[in-house]
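Novice: The structure is given below, and queries will be raised subsequently.
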Amino acid sequence: MHANNLPSRISGLAKMHLAVLGVVSILLAGDATGPAMADAFDDWVTRLWPEARALGVSRATFDAAFEDVRPDESIYESAGNQPEFVRPIWEYMGRAVSDQRVETGQEKIREFDSVLDAIEAVYGVDRTIVLAIWGMESNYGGHLGDKNVIEALATLGYSGRRQRFGRRQVLAALQILERRDITPELMTGSWAGAMGHTQFIPTTYNAYAVDFDGDGRRDIWQSIADALGSTANYLRVSGWQPGKPWGYEVKVPDNFDFTVMGTGRRAVSEWQRLGLRLPGGGALLHQADEADFILPSGAGGPAFLTLRNFRAILRYNNATAYALSVGHLSDRIGGAGNFTQSWPEDALPLTRSQKVELQQLLNGAGFPVGSADGVVGQQTRAGIRQYQRSVGLVPDGYASLPLLNRLKS
């Protein structure tokens with residue numbers, strides 16, 4: 001698992017924390033290894049030792065892991081480098097499911113055919129899904145991350161908004177070192193501690209990583225078999241159903257009853273009764289299964305039914321754009337084409353502050369959405385649909401810039 005689930009602006013919070021410690025000027029001046037900070041960090045490491053020991057970590061492993069480790073100011077910069085704007089899903093997916101990534105995935109199928117055969121036999125997860133996650137997470141091993149994982153996680157655990165996460169993960173990373181799956185110098189990853197070819201954070205590694213090549217170590221950094229096998233194992237435990245798709249694109253009829261939006265999961269047969277069809281007009285697939293109907297960019301863009309395997313992908317990264325990209329990349333690697341419906345590139349999504357403004361305007365106009373917190377949940381979508389119906393718009397519940405501008409005018 002990786003940094004996509006860990007966005008935050010650390011710098012201001014780090015400043016406040018260091019003020020309590022009496023060393024504000026150190027971080028702000030860029031001297032992340034000055035004497036005062038070094039002493040405070042050393043104290044933090046000392047206090048960490050009893051917890052590590054209670055988890056079975058030896059003193060030798062602990063000392064080797066923290067040798068020459070100091071807070072890395074660039075970690076705070078990475079954690080805070082989250083732009084306020086929202087990247088539209090079509091831009092995200094355009095990069096995630098590029099032609100080059102599809103072609104490389106197809107090459108990897110041939111290169112690792114026997115390994116993928118074995119993974120499918122053991123875990124029941126389709127090879128193209130496993131490859132798609134590999135492609136999404138590290139571009140097939142091209143970007144594993146070069147941060148010392150202990151240092152990165154200790155930096156997060158020592159100061160800032162992610163202290164609980166950093167502390168928990170660095171303890172889990174020490175357990176990995178204690179089992180001798182990897183050495184401290186080879187335990188590299190992202191600024192948030194995501195590791196290896198398929199970017200497991202340490203707690204996920206401890207729970208789901210497997211020694212698929214049988215060499216006695218779970219090495220997701222250097223063993224492709226271990227990395228892909230671990231990913232398949234995680235998906236299996238997350239509820240993956242062998243032989244079923246993640247979902248598929250559907251065509252929405254002109255007379256579709258959008259009041260069903262937000263009413264929950266339904267049998268595929270029920271979605272068909274409501275008028276949904278395959279893009280070519282054919283009957284929907286897997287009609288006995290339950291599916292969610294999603295419109296990631298509103299009624300003007302592609303529409304999808306997502307099945308249980310989509311929810312398994314969301315366990316890997318709980319973002320619709322990510323799971324949809326994995327599913328689509330998997331299909332493309334398997335030979336499928338692009339979506340039939342184009343993205344509505346004029347219907348830009350909203351920034352967090354614009355979502356707050358939208359919620360305030362809806363509340364003020366008599367379409368209650370609850371607290372104006374910038375989070376578009378079921379209540380906000382319901383308010384949007386009420387407003388859309390009142391002005392003759394398609395009630396898809398999509399929070400877009402054109403919708404905000406309509407409310408403002």
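Within each chain, counting starts at residue 1; across the structure tokens, chains are named A, B, ... in the order shown, with ligands numbered 1 upward in that order.
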Please identify the strand (DSSP E) residues within range 78-310 of chain A (assignment by DSSP from backbone atoms) and present them as a CSV table (one decimal) with N, CA and C atoms, in the first residue's frame.
Specialist:
```csv
chain,number,residue,atom,x,y,z
A,147,LYS,N,13.9,5.8,-0.6
A,147,LYS,CA,14.1,6.2,0.8
A,147,LYS,C,14.4,5.0,1.7
A,148,ASN,N,15.2,5.3,2.7
A,148,ASN,CA,15.4,4.3,3.7
A,148,ASN,C,14.1,4.2,4.5
A,188,THR,N,14.2,-0.3,1.1
A,188,THR,CA,13.9,1.0,0.6
A,188,THR,C,12.5,1.1,0.1
A,189,GLY,N,12.0,2.3,0.0
A,189,GLY,CA,10.6,2.5,-0.4
A,189,GLY,C,10.3,4.0,-0.6
A,247,GLY,N,-15.7,-5.5,-13.0
A,247,GLY,CA,-16.9,-4.8,-13.4
A,247,GLY,C,-16.7,-4.5,-14.9
A,248,TYR,N,-17.6,-3.6,-15.4
A,248,TYR,CA,-17.5,-3.3,-16.9
A,248,TYR,C,-18.3,-2.1,-17.2
A,249,GLU,N,-18.0,-1.5,-18.3
A,249,GLU,CA,-18.7,-0.3,-18.8
A,249,GLU,C,-20.1,-0.6,-19.2
A,250,VAL,N,-21.0,0.3,-18.9
A,250,VAL,CA,-22.4,0.1,-19.4
A,250,VAL,C,-22.9,1.3,-20.1
A,266,ARG,N,-27.4,-3.4,-6.1
A,266,ARG,CA,-28.5,-4.2,-6.6
A,266,ARG,C,-28.0,-5.4,-7.4
A,267,ALA,N,-28.8,-6.4,-7.6
A,267,ALA,CA,-28.5,-7.5,-8.5
A,267,ALA,C,-28.3,-6.9,-9.9
A,290,GLU,N,-24.3,-9.1,-7.3
A,290,GLU,CA,-24.7,-7.7,-6.9
A,290,GLU,C,-23.6,-6.8,-7.4
A,291,ALA,N,-24.1,-5.6,-7.8
A,291,ALA,CA,-23.2,-4.6,-8.4
A,291,ALA,C,-23.6,-3.2,-8.0
A,292,ASP,N,-22.6,-2.3,-7.9
A,292,ASP,CA,-22.8,-0.9,-7.7
A,292,ASP,C,-22.8,-0.2,-9.1
A,293,PHE,N,-23.6,0.8,-9.2
A,293,PHE,CA,-23.6,1.6,-10.5
A,293,PHE,C,-22.9,2.9,-10.2
A,294,ILE,N,-21.8,3.2,-10.9
A,294,ILE,CA,-21.0,4.4,-10.6
A,294,ILE,C,-20.9,5.3,-11.9
A,303,ALA,N,-20.0,5.2,-17.7
A,303,ALA,CA,-20.8,4.6,-16.6
A,303,ALA,C,-20.3,3.2,-16.4
A,304,PHE,N,-20.4,2.7,-15.2
A,304,PHE,CA,-19.9,1.3,-14.9
A,304,PHE,C,-20.7,0.6,-13.8
A,305,LEU,N,-20.8,-0.7,-14.0
A,305,LEU,CA,-21.2,-1.6,-12.9
A,305,LEU,C,-20.0,-2.2,-12.3
A,306,THR,N,-19.8,-2.1,-11.0
A,306,THR,CA,-18.7,-2.7,-10.4
A,306,THR,C,-19.1,-3.8,-9.5
```
Novice: List every residue of range 59-223 of chain A that DSSP, applied to the backbone, labels as helix (DSSP H, G or I), and write the result as JSON, numbers by chain.
Specialist: {"A": [59, 60, 61, 62, 63, 64, 65, 66, 73, 74, 75, 76, 77, 78, 79, 80, 89, 90, 91, 92, 93, 94, 95, 96, 99, 100, 101, 102, 103, 104, 105, 106, 107, 108, 109, 110, 111, 113, 114, 115, 116, 117, 118, 119, 120, 121, 122, 123, 127, 128, 129, 130, 131, 132, 133, 134, 135, 136, 137, 138, 149, 150, 151, 152, 153, 154, 155, 156, 157, 158, 163, 164, 165, 166, 167, 168, 169, 170, 171, 172, 173, 174, 175, 176, 177, 178, 184, 185, 186, 202, 203, 204, 205, 206, 207, 208]}
Novice: Please determine, counting only C-alpha atoms, which residue among A:Leu361, A:Ala299, A:Ala323, A:Ala288 has the shortest atom-to-atom distance to Arg311 in chain A.
Specialist: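 Answer, going by the shortest atom-to-atom distance: A:Ala323.
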Novice: Which residue gives the smallest distance to Leu403 in chain A among A:Gln378, A:Met93, A:Phe310, A:Gly298, with only C-alpha atoms counted?
Specialist: A:Gly298
Novice: Which one is closest to Ser230 in chain A: A:Gly196, A:Gly281, A:Gly275, A:Gly335? Count only C-alpha atoms.
Specialist: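 Smallest distance to Ser230 in chain A is found for A:Gly196.
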Novice: Can you tell me, as an mmCIF file with C-alpha atoms, in the first residue's frame, what residues are no more than 10 Å from range 345-354 of chain A when counting only C-alpha atoms, ignoring any on the same chain fewer than 5 positions away?
Specialist:
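Produced file selection12.cif, reproduced below:
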```cif
data_model
loop_
_atom_site.group_PDB
_atom_site.id
_atom_site.type_symbol
_atom_site.label_atom_id
_atom_site.label_comp_id
_atom_site.auth_asym_id
_atom_site.auth_seq_id
_atom_site.Cartn_x
_atom_site.Cartn_y
_atom_site.Cartn_z
ATOM 1 C CA PRO A 83 -1.747 20.468 -4.508
ATOM 2 C CA GLU A 84 -5.101 21.945 -3.547
ATOM 3 C CA PHE A 85 -6.629 21.245 -6.933
ATOM 4 C CA VAL A 86 -8.176 17.890 -7.828
ATOM 5 C CA ARG A 87 -6.790 16.003 -10.810
ATOM 6 C CA PRO A 88 -9.684 15.010 -13.071
ATOM 7 C CA ILE A 89 -10.162 11.271 -13.333
ATOM 8 C CA TRP A 90 -9.512 11.345 -17.087
ATOM 9 C CA GLU A 91 -6.070 12.865 -16.494
ATOM 10 C CA PRO A 296 -17.126 8.821 -11.844
ATOM 11 C CA SER A 297 -17.553 12.013 -13.903
ATOM 12 C CA GLY A 298 -21.316 12.378 -13.855
ATOM 13 C CA GLY A 300 -21.886 12.927 -19.239
ATOM 14 C CA GLY A 301 -19.043 10.425 -18.911
ATOM 15 C CA GLN A 359 -22.217 22.785 0.240
ATOM 16 C CA GLN A 360 -22.757 26.247 1.709
ATOM 17 C CA ALA A 372 -19.967 22.192 4.849
ATOM 18 C CA ASP A 373 -16.815 20.129 5.366
ATOM 19 C CA GLY A 374 -15.632 19.718 1.778
ATOM 20 C CA VAL A 375 -16.389 15.985 1.790
ATOM 21 C CA VAL A 376 -18.912 14.902 -0.834
ATOM 22 C CA TYR A 398 -21.914 14.872 -9.490
ATOM 23 C CA ALA A 399 -20.131 17.827 -7.870
ATOM 24 C CA SER A 400 -18.597 19.690 -10.811
ATOM 25 C CA LEU A 401 -17.375 23.176 -11.589
ATOM 26 C CA PRO A 402 -20.291 23.863 -14.004
ATOM 27 C CA LEU A 403 -22.690 22.901 -11.209
ATOM 28 C CA LEU A 404 -20.990 25.265 -8.757
#
```
Novice: Compile the contact shell of Ala319 in chain A as a list in words: residues with an atom at most 12 Å away, counting only C-alpha atoms, same-chain residues fewer than 2 positions apart removed.
Specialist: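 Contacts, in chain order: His2, Asn4, Asn5, Leu6, Ile89, Tyr92, Pro296, Phe310, Arg311, Ala312, Ile313, Leu314, Arg315, Tyr316, Asn317, Ala321, Tyr322, Ala323, Leu324, Ser325 and Val326 of chain A.
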Novice: Limited to N, CA and C atoms, could you put the picked residues into a file as a tab-separated table (two decimals), in the first residue's frame?
Specialist:
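Ended up saving to result-v8.tsv:
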```tsv
chain	number	residue	atom	x	y	z
A	2	HIS	N	0.36	2.34	-0.37
A	2	HIS	CA	1.29	3.41	-0.68
A	2	HIS	C	0.79	4.77	-0.29
A	4	ASN	N	-0.62	7.21	-1.72
A	4	ASN	CA	-1.85	7.82	-2.20
A	4	ASN	C	-2.89	7.96	-1.11
A	5	ASN	N	-2.83	7.15	-0.07
A	5	ASN	CA	-3.82	7.20	1.00
A	5	ASN	C	-3.37	8.12	2.14
A	6	LEU	N	-2.23	8.84	1.97
A	6	LEU	CA	-1.67	9.57	3.09
A	6	LEU	C	-1.43	11.05	2.80
A	89	ILE	N	-10.38	12.70	-13.20
A	89	ILE	CA	-10.16	11.27	-13.33
A	89	ILE	C	-9.62	10.92	-14.71
A	92	TYR	N	-5.89	11.42	-14.56
A	92	TYR	CA	-5.30	10.36	-13.74
A	92	TYR	C	-5.22	9.06	-14.53
A	296	PRO	N	-18.26	8.10	-12.42
A	296	PRO	CA	-17.13	8.82	-11.84
A	296	PRO	C	-17.03	10.28	-12.27
A	310	PHE	N	-14.10	-5.45	-7.62
A	310	PHE	CA	-13.74	-4.03	-7.56
A	310	PHE	C	-13.52	-3.62	-6.11
A	311	ARG	N	-14.35	-4.13	-5.22
A	311	ARG	CA	-14.19	-3.80	-3.81
A	311	ARG	C	-12.92	-4.42	-3.23
A	312	ALA	N	-12.50	-5.56	-3.78
A	312	ALA	CA	-11.22	-6.14	-3.35
A	312	ALA	C	-10.06	-5.23	-3.76
A	313	ILE	N	-10.13	-4.66	-4.95
A	313	ILE	CA	-9.09	-3.72	-5.38
A	313	ILE	C	-9.09	-2.48	-4.49
A	314	LEU	N	-10.28	-2.04	-4.09
A	314	LEU	CA	-10.35	-0.87	-3.21
A	314	LEU	C	-9.68	-1.12	-1.86
A	315	ARG	N	-9.61	-2.39	-1.43
A	315	ARG	CA	-8.86	-2.70	-0.21
A	315	ARG	C	-7.39	-2.36	-0.38
A	316	TYR	N	-6.90	-2.45	-1.60
A	316	TYR	CA	-5.50	-2.13	-1.88
A	316	TYR	C	-5.28	-0.63	-1.81
A	317	ASN	N	-6.23	0.12	-2.36
A	317	ASN	CA	-6.16	1.58	-2.34
A	317	ASN	C	-7.59	2.08	-2.47
A	321	ALA	N	-10.77	6.17	-8.50
A	321	ALA	CA	-9.92	6.37	-9.68
A	321	ALA	C	-8.84	5.31	-9.75
A	322	TYR	N	-8.27	4.95	-8.59
A	322	TYR	CA	-7.23	3.91	-8.57
A	322	TYR	C	-7.81	2.57	-8.98
A	323	ALA	N	-8.90	2.14	-8.33
A	323	ALA	CA	-9.47	0.83	-8.62
A	323	ALA	C	-9.95	0.74	-10.06
A	324	LEU	N	-10.52	1.81	-10.57
A	324	LEU	CA	-10.98	1.82	-11.96
A	324	LEU	C	-9.79	1.74	-12.91
A	325	SER	N	-8.70	2.40	-12.56
A	325	SER	CA	-7.49	2.34	-13.39
A	325	SER	C	-6.91	0.93	-13.41
A	326	VAL	N	-6.87	0.28	-12.24
A	326	VAL	CA	-6.37	-1.10	-12.19
A	326	VAL	C	-7.24	-2.01	-13.06
```
Novice: Extract, using only C-alpha atoms, all DNA, RNA and protein residues at most 8 Å from Gly229 in chain A, discarding same-chain residues fewer than 4 positions from it, and format them as a short mmCIF file (atom, residue, chain, number, x, y, z; two decimals) with C-alpha atoms, in the first residue's frame.
Specialist:
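Contents of out.cif, freshly written:
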```
data_model
loop_
_atom_site.label_atom_id
_atom_site.label_comp_id
_atom_site.auth_asym_id
_atom_site.auth_seq_id
_atom_site.Cartn_x
_atom_site.Cartn_y
_atom_site.Cartn_z
CA ILE A 119 -0.08 -17.59 -8.93
CA ALA A 209 3.41 -11.05 2.03
CA VAL A 210 4.35 -14.57 0.95
CA ASP A 211 7.53 -16.43 0.05
CA PHE A 212 6.28 -17.53 -3.35
CA ALA A 225 7.51 -14.00 -7.70
CA ASN A 233 -2.66 -13.27 -1.71
#
```
Novice: Provide the CA of Arg389 in chain A to CA of Gly377 in chain A distance in Å, to one decimal place.
Specialist: 18.4 Å
Novice: Tell me, in Å to one decimal, how far CA of Tyr158 in chain A is from CA of Pro71 in chain A.
Specialist: 8.0 Å
Novice: Env of Leu274 in chain A: 10 Å cut, atoms = only C-alpha atoms, seq-sep filter 5 positions within chain, self excluded. Answer as a list of chain:residue names.
Specialist: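 After dropping sequence-adjacent residues, the list is A:Val252, A:Pro253, A:Asn255, A:Phe256, A:Asp257, A:Phe258, A:Val260, A:Val268, A:Ser269.
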Novice: Produce a table with one row for each residue of range 65-155 of chain A that has an atom at most 9 Å from any atom of range 39-58 of chain A, each row naming the nearest atom pair and its distance in Å at one decimal; use only C-alpha atoms; arrange rows by chain and rising residue number; format as CSV.
Specialist:
```
residue,atom,partner,partner_atom,distance
A:Phe66,CA,A:Val45,CA,8.2
A:Arg70,CA,A:Phe41,CA,7.4
A:Pro71,CA,A:Phe41,CA,7.3
A:Ala154,CA,A:Val45,CA,8.2
A:Thr155,CA,A:Phe41,CA,8.7
```
Novice: Quick one: pull the distance between CA of Thr380 in chain A and CA of Ser409 in chain A, Å, one decimal.
Specialist: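 Result for CA of Thr380 in chain A versus CA of Ser409 in chain A: 19.6 Å, one decimal.
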Novice: Fewer than 5 positions away in the same chain doesn't count, so skip those; otherwise give me all residues within 9 Å of Asn206 in chain A, counting only C-alpha atoms, as a PyMOL selection string.
Specialist: chain A and resi 172-173+175-176+201
Novice: Write the residues you've just listed into a file as a short mmCIF file (atom, residue, chain, number, x, y, z; two decimals), in the first residue's frame, and include N, CA and C atoms for each of them.
Specialist:
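Produced file again-v1.cif, reproduced below:
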```cif
data_model
loop_
_atom_site.label_atom_id
_atom_site.label_comp_id
_atom_site.auth_asym_id
_atom_site.auth_seq_id
_atom_site.Cartn_x
_atom_site.Cartn_y
_atom_site.Cartn_z
N ALA A 172 6.45 -2.18 12.71
CA ALA A 172 6.23 -3.31 11.80
C ALA A 172 7.44 -3.56 10.92
N ALA A 173 8.09 -2.48 10.48
CA ALA A 173 9.29 -2.62 9.64
C ALA A 173 10.42 -3.28 10.42
N GLN A 175 10.04 -5.51 12.71
CA GLN A 175 9.73 -6.94 12.75
C GLN A 175 10.15 -7.63 11.46
N ILE A 176 10.01 -6.95 10.33
CA ILE A 176 10.46 -7.51 9.05
C ILE A 176 11.96 -7.74 9.09
N ILE A 201 2.89 -1.34 2.54
CA ILE A 201 3.39 -0.74 3.77
C ILE A 201 3.70 -1.89 4.74
#
```
Novice: Have a look at A:Trp191, A:Leu362, A:Arg236, A:Leu393 and name the one nearest to Ala121 in chain A; count only C-alpha atoms.
Specialist: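 Result for the nearest residue to Ala121 in chain A: A:Arg236.
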